[in-house]
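Trainee: Just protein_4.cif, nothing more (mmCIF, C-alpha atoms):
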data_protein
loop_
_atom_site.group_PDB
_atom_site.id
_atom_site.type_symbol
_atom_site.label_atom_id
_atom_site.label_comp_id
_atom_site.auth_asym_id
_atom_site.auth_seq_id
_atom_site.Cartn_x
_atom_site.Cartn_y
_atom_site.Cartn_z
ATOM 1 C CA ILE A 181 -18.226 89.004 -110.149
ATOM 2 C CA LYS A 182 -19.886 87.874 -106.913
ATOM 3 C CA GLN A 183 -16.844 88.771 -104.834
ATOM 4 C CA GLU A 184 -15.877 91.909 -106.758
ATOM 5 C CA LYS A 185 -19.399 93.380 -106.623
ATOM 6 C CA LYS A 186 -20.050 91.977 -103.117
ATOM 7 C CA LEU A 187 -23.282 90.322 -104.212
ATOM 8 C CA ASN A 188 -25.390 88.423 -101.698
ATOM 9 C CA PRO A 189 -26.846 85.030 -102.736
ATOM 10 C CA VAL A 190 -30.084 86.527 -104.107
ATOM 11 C CA GLN A 191 -28.260 89.239 -106.059
ATOM 12 C CA PHE A 192 -25.824 86.736 -107.554
ATOM 13 C CA ALA A 193 -28.634 84.375 -108.622
ATOM 14 C CA GLU A 194 -30.555 87.271 -110.185
ATOM 15 C CA MET A 195 -27.428 88.459 -112.011
ATOM 16 C CA ALA A 196 -26.887 84.979 -113.465
ATOM 17 C CA GLY A 197 -30.578 84.658 -114.356
ATOM 18 C CA SER A 198 -30.590 88.081 -116.005
ATOM 19 C CA PHE A 199 -27.615 87.046 -118.134
ATOM 20 C CA VAL A 200 -29.482 83.953 -119.373
ATOM 21 C CA GLN A 201 -32.734 85.877 -119.958
ATOM 22 C CA ARG A 202 -31.019 88.448 -122.166
ATOM 23 C CA ILE A 203 -29.623 85.951 -124.667
ATOM 24 C CA PRO A 204 -31.834 86.059 -127.789
ATOM 25 C CA TYR A 205 -34.286 83.148 -128.012
ATOM 26 C CA VAL A 206 -33.601 80.418 -130.576
ATOM 27 C CA LEU A 207 -35.884 77.395 -130.898
ATOM 28 C CA VAL A 208 -33.887 74.159 -130.552
ATOM 29 C CA HIS A 209 -35.390 70.982 -132.021
ATOM 30 C CA ASP A 210 -34.406 67.598 -133.358
ATOM 31 C CA LEU A 211 -36.131 67.906 -136.751
ATOM 32 C CA SER A 212 -35.768 70.163 -139.749
ATOM 33 C CA CYS A 213 -37.952 73.258 -139.539
ATOM 34 C CA ALA A 214 -40.172 71.919 -142.331
ATOM 35 C CA GLN A 215 -40.676 68.614 -140.485
ATOM 36 C CA LEU A 216 -41.355 70.374 -137.176
ATOM 37 C CA VAL A 217 -44.009 72.627 -138.717
ATOM 38 C CA ARG A 218 -45.602 69.709 -140.577
ATOM 39 C CA GLU A 219 -45.678 67.387 -137.541
ATOM 40 C CA ASN A 220 -46.890 70.067 -135.103
ATOM 41 C CA TYR A 221 -49.659 71.652 -137.161
ATOM 42 C CA ASN A 222 -51.812 72.170 -134.024
ATOM 43 C CA ASP A 223 -49.064 73.868 -131.990
ATOM 44 C CA LYS A 224 -49.826 77.592 -132.260
ATOM 45 C CA PHE A 225 -46.433 78.646 -130.892
ATOM 46 C CA ILE A 226 -44.417 76.569 -133.378
ATOM 47 C CA GLN A 227 -46.581 77.627 -136.300
ATOM 48 C CA GLN A 228 -46.413 81.350 -135.444
ATOM 49 C CA TYR A 229 -42.706 81.226 -134.576
ATOM 50 C CA HIS A 230 -41.882 79.838 -138.017
ATOM 51 C CA ARG A 231 -44.320 82.162 -139.845
ATOM 52 C CA ASP A 232 -42.543 85.072 -138.137
ATOM 53 C CA GLY A 233 -39.165 83.764 -139.321
ATOM 54 C CA GLY A 234 -37.882 82.909 -135.849
ATOM 55 C CA GLN A 235 -34.360 81.509 -135.728
ATOM 56 C CA CYS A 236 -33.958 77.774 -135.109
ATOM 57 C CA LEU A 237 -31.200 75.374 -134.270
ATOM 58 C CA GLN A 238 -32.578 72.379 -136.132
ATOM 59 C CA ASN A 239 -31.575 68.723 -136.231
ATOM 60 C CA CYS A 240 -30.196 69.003 -132.687
ATOM 61 C CA LYS A 241 -30.195 65.652 -130.909
ATOM 62 C CA PHE A 242 -33.018 65.453 -128.315
ATOM 63 C CA GLY A 243 -33.942 69.091 -129.086
ATOM 64 C CA LEU A 244 -31.589 70.228 -126.342
ATOM 65 C CA GLN A 245 -28.138 71.704 -126.046
ATOM 66 C CA ALA A 246 -25.726 70.980 -123.248
ATOM 67 C CA PRO A 247 -24.741 74.021 -121.157
ATOM 68 C CA VAL A 248 -21.290 74.135 -122.774
ATOM 69 C CA GLU A 249 -22.819 74.121 -126.285
ATOM 70 C CA PHE A 250 -25.247 76.900 -125.353
ATOM 71 C CA SER A 251 -22.469 78.941 -123.742
ATOM 72 C CA TYR A 252 -20.518 78.659 -126.996
ATOM 73 C CA ASN A 253 -23.153 79.418 -129.631
ATOM 74 C CA LEU A 254 -25.779 81.280 -127.535
ATOM 75 C CA LYS A 255 -28.629 79.450 -129.266
ATOM 76 C CA GLY A 256 -31.180 78.190 -126.795
ATOM 77 C CA ASP A 257 -34.819 77.840 -125.910
ATOM 78 C CA CYS A 258 -36.568 77.194 -122.601
ATOM 79 C CA ASP A 259 -35.059 73.842 -121.663
ATOM 80 C CA THR A 260 -31.558 74.728 -122.835
ATOM 81 C CA ARG A 261 -31.668 77.960 -120.817
ATOM 82 C CA SER A 262 -33.067 76.233 -117.726
ATOM 83 C CA LEU A 263 -30.346 73.594 -117.887
ATOM 84 C CA LEU A 264 -27.597 76.230 -118.211
ATOM 85 C CA LEU A 265 -28.784 78.267 -115.230
ATOM 86 C CA TYR A 266 -29.430 75.078 -113.240
ATOM 87 C CA THR A 267 -25.804 74.046 -113.882
ATOM 88 C CA ILE A 268 -24.373 77.452 -112.950
ATOM 89 C CA LEU A 269 -26.396 77.829 -109.761
ATOM 90 C CA ASP A 270 -25.850 74.203 -108.745
ATOM 91 C CA HIS A 271 -22.105 74.809 -109.036
ATOM 92 C CA TYR A 272 -22.427 77.674 -106.551
ATOM 93 C CA GLY A 273 -24.449 75.619 -104.069
ATOM 94 C CA TYR A 274 -27.982 76.840 -104.734
ATOM 95 C CA ASP A 275 -31.056 74.618 -104.410
ATOM 96 C CA VAL A 276 -32.385 74.426 -107.970
ATOM 97 C CA ALA A 277 -34.889 72.377 -109.904
ATOM 98 C CA ILE A 278 -36.141 72.120 -113.456
ATOM 99 C CA PHE A 279 -39.901 72.253 -113.980
ATOM 100 C CA ILE A 280 -41.532 70.916 -117.134
ATOM 101 C CA SER A 281 -45.086 71.199 -118.381
ATOM 102 C CA ASN A 282 -46.654 69.075 -121.082
ATOM 103 C CA VAL A 283 -49.713 71.344 -120.940
ATOM 104 C CA TYR A 284 -47.655 74.459 -121.703
ATOM 105 C CA SER A 285 -44.917 72.694 -123.744
ATOM 106 C CA HIS A 286 -42.461 74.703 -121.702
ATOM 107 C CA CYS A 287 -39.605 74.414 -119.220
ATOM 108 C CA ILE A 288 -38.614 76.782 -116.402
ATOM 109 C CA LEU A 289 -36.185 76.843 -113.516
ATOM 110 C CA GLY A 290 -37.125 76.530 -109.868
ATOM 111 C CA ILE A 291 -34.908 78.187 -107.269
ATOM 112 C CA GLY A 292 -34.907 77.608 -103.518
ATOM 113 C CA LEU A 293 -34.413 81.160 -102.277
ATOM 114 C CA PRO A 294 -36.750 83.296 -100.147
ATOM 115 C CA TYR A 295 -39.037 84.796 -102.785
ATOM 116 C CA LYS A 296 -42.784 85.307 -102.891
ATOM 117 C CA GLY A 297 -45.140 84.006 -105.520
ATOM 118 C CA LEU A 298 -45.465 80.777 -107.458
ATOM 119 C CA PHE A 299 -43.560 77.719 -106.296
ATOM 120 C CA LYS A 300 -43.530 73.948 -106.020
ATOM 121 C CA SER A 301 -42.362 72.230 -102.849
ATOM 122 C CA TYR A 302 -40.043 69.256 -102.850
ATOM 123 C CA GLN A 303 -38.515 67.667 -99.737
ATOM 124 C CA GLY A 304 -39.248 70.740 -97.648
ATOM 125 C CA VAL A 305 -37.799 73.267 -100.121
ATOM 126 C CA ARG A 306 -39.921 75.828 -101.933
ATOM 127 C CA TYR A 307 -38.664 76.115 -105.492
ATOM 128 C CA TYR A 308 -39.890 79.406 -106.949
ATOM 129 C CA ALA A 309 -40.782 79.354 -110.643
ATOM 130 C CA TRP A 310 -38.449 81.375 -112.851
ATOM 131 C CA GLU A 311 -39.181 82.177 -116.509
ATOM 132 C CA LEU A 312 -35.938 82.435 -118.489
ATOM 133 C CA THR A 313 -37.077 83.007 -122.081
ATOM 134 C CA ALA A 314 -37.777 86.726 -121.632
ATOM 135 C CA ALA A 315 -35.912 89.475 -119.793
ATOM 136 C CA ASP A 316 -36.783 90.818 -116.359
ATOM 137 C CA TRP A 317 -38.954 87.973 -115.030
ATOM 138 C CA GLN A 318 -38.239 87.507 -111.344
ATOM 139 C CA PRO A 319 -38.524 84.199 -109.482
ATOM 140 C CA GLY A 320 -42.064 83.574 -108.299
ATOM 141 C CA LEU A 321 -43.687 85.403 -111.215
ATOM 142 C CA LEU A 322 -44.925 83.787 -114.417
ATOM 143 C CA PRO A 323 -46.957 85.049 -117.362
ATOM 144 C CA PRO A 324 -50.663 84.335 -116.703
ATOM 145 C CA GLN A 325 -50.917 81.879 -119.606
ATOM 146 C CA ILE A 326 -48.410 79.513 -117.926
ATOM 147 C CA ALA A 327 -49.066 80.272 -114.249
ATOM 148 C CA GLY A 328 -51.127 77.202 -113.306
ATOM 149 C CA MET A 329 -48.706 75.464 -110.955
ATOM 150 C CA ASN A 330 -50.732 72.215 -111.110
ATOM 151 C CA ASN A 331 -49.585 71.973 -114.737
ATOM 152 C CA TRP A 332 -45.897 71.889 -113.778
ATOM 153 C CA GLU A 333 -43.846 68.890 -112.657
ATOM 154 C CA ILE A 334 -40.389 68.871 -111.143
ATOM 155 C CA ALA A 335 -38.241 66.923 -113.600
ATOM 156 C CA LEU A 336 -34.838 67.411 -111.973
ATOM 157 C CA VAL A 337 -33.686 68.605 -108.569
ATOM 158 C CA ASN A 338 -30.132 68.899 -107.281
ATOM 159 C CA LYS A 339 -30.730 68.186 -103.579
#
Could you rewrite the structure in this file as structure tokens?
Mentor:
Amino acid sequence: IKQEKKLNPVQFAEMAGSFVQRIPYVLVHDLSCAQLVRENYNDKFIQQYHRDGGQCLQNCKFGLQAPVEFSYNLKGDCDTRSLLLYTILDHYGYDVAIFISNVYSHCILGIGLPYKGLFKSYQGVRYYAWELTAADWQPGLLPPQIAGMNNWEIALVNK
């Protein structure tokens, strides 16, 4: 696709990110849904997601799918999506990182391309925050409720 459409590095990364963002969200966890709801009674997201009948992939070891599993069944949440795009972009030589937040109970990708906005620096590279659980979020932009960059840690970096 990159060669056929003559995409530059930013366009190719955004095309891959857009693909991941447009896959319907499925919560992946290592418990049954009943156990998850019971054990996380204070987690507003989990409670509302299950009340709304959100789809889950339950009893999944570590609450995470490998990129190949996600590519096969298209069932993934924030960390599964971040890991898939990390793997794709790493393969094509991009500087990428995975950010995690215990405060937000969320995971996002960081990409080392020339964007503006929210980022974390690591070894001289600015990794711009990229939300992958909803369509059309560009690197460097995050929803206000998860935009405090002091609440994010780099958990994995490929360089």
Trainee: Identify all residues satisfying the PyMOL selection byres ((chain A and resi 310) around 7) in the given file; provide them as a list in words.
Mentor: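 This file gives the following for the PyMOL selection byres ((chain A and resi 310) around 7): Ile288, Leu289, Gly290, Tyr308, Ala309, Glu311, Leu312, Trp317, Gln318, Pro319, Gly320 and Leu321 of chain A.
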Trainee: How would you write, as JSON, numbers by chain, the residues chosen by the PyMOL selection byres ((chain A and resi 261) around 10) on this structure?
Mentor: {"A": [197, 200, 201, 203, 205, 244, 245, 246, 247, 250, 251, 254, 255, 256, 257, 258, 259, 260, 262, 263, 264, 265, 266, 267, 287, 288, 289, 311, 312, 313]}
Trainee: Applied to this file, what does the PyMOL selection byres ((chain A and resi 189-191) around 10) return in terms of residues, put as a list in words?
Mentor: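 Residues picked by the PyMOL selection byres ((chain A and resi 189-191) around 10): Lys182, Lys185, Lys186, Leu187, Asn188, Phe192, Ala193, Glu194, Met195, Ala196, Gly197, Tyr272, Gly273, Tyr274, Leu293, Pro294 and Tyr295 of chain A.
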Trainee: With distances taken over only C-alpha atoms, which residue among A:Leu322, A:Leu211, A:Val337, A:Ala315 lies nearest Lys296 in chain A?
Mentor: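 Among the listed residues, the smallest separation from Lys296 in chain A belongs to A:Leu322.
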Trainee: Quick one, how far is CA of Gly304 in chain A from CA of Ile291 in chain A?
Mentor: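 Computing the Euclidean distance for CA of Gly304 in chain A and CA of Ile291 in chain A yields 12.9 Å.
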Trainee: Which neighbours of Asp210 in chain A fall inside 10 Å, counting all atoms listed in the file, when residues of the same chain fewer than 2 positions from it are skipped, and could you give them as a PyMOL selection string?
Mentor: chain A and resi 208+212-213+215-216+237-244
Trainee: Would you mind reading off the distance between CA of Phe279 in chain A and CA of Ile181 in chain A, one decimal, in Å?
Mentor: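 One can read the CA of Phe279 in chain A to CA of Ile181 in chain A distance as 27.7 Å.
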Trainee: When you draw a straight line from CA of Ala335 in chain A to CA of Ser281 in chain A, how long is it in Å?
Mentor: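 Atom-to-atom, CA of Ala335 in chain A and CA of Ser281 in chain A are spaced 9.4 Å apart.
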Trainee: Looking at A:Gln235, A:Tyr307, A:Val206, A:Ala214, which one is nearest to Leu336 in chain A, with distances taken over all atoms listed in the file?
Mentor: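 Under the stated criterion, the closest residue is A:Tyr307.
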Trainee: Build an axis-aligned box that encloses every atom of range 184-193 of chain A listed in the file, pad it by 8 Å on each side, and report its centre and edge lengths in Å to one decimal, as JSON.
Mentor:
{"center_x": -23.0, "center_y": 88.9, "center_z": -105.2, "size_x": 30.2, "size_y": 25.0, "size_z": 22.9}
Trainee: Find the residues around Asn338 in chain A up to 7 Å (only C-alpha atoms counted), leave out those fewer than 3 positions away in its own chain, and share them as a list in words.
Mentor: Asp270, Asp275, Val276 and Ala277 of chain A
Trainee: Mind writing the picked residues with C-alpha atoms as a compact mmCIF listing (two decimals), keeping the file's coordinate frame?
Mentor:
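Listing of again-v5.txt after writing:
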# COMPACT_ATOMS: atom_id res chain seq x y z
CA ASP A 270 -25.85 74.20 -108.74
CA ASP A 275 -31.06 74.62 -104.41
CA VAL A 276 -32.38 74.43 -107.97
CA ALA A 277 -34.89 72.38 -109.90
Trainee: From the list A:Tyr284, A:Tyr302, A:Tyr229, A:Tyr252, which residue is nearest Ile326 in chain A when using all atoms listed in the file?
Mentor: A:Tyr284
Trainee: For Val283 in chain A, list every protein, DNA or RNA residue within 10 Å, evaluated using only C-alpha atoms, and leave out those in the same chain fewer than 2 positions away; present the list as number ranges by chain.
Mentor: A: 280-281, 285-286, 326, 328, 330-332
Trainee: Between A:Phe199, A:Arg218, A:Val305, A:Met329, which has the minimum distance to Ile268 in chain A (counting all atoms listed in the file)?
Mentor: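 The shortest atom-to-atom distance to Ile268 in chain A comes from A:Phe199.
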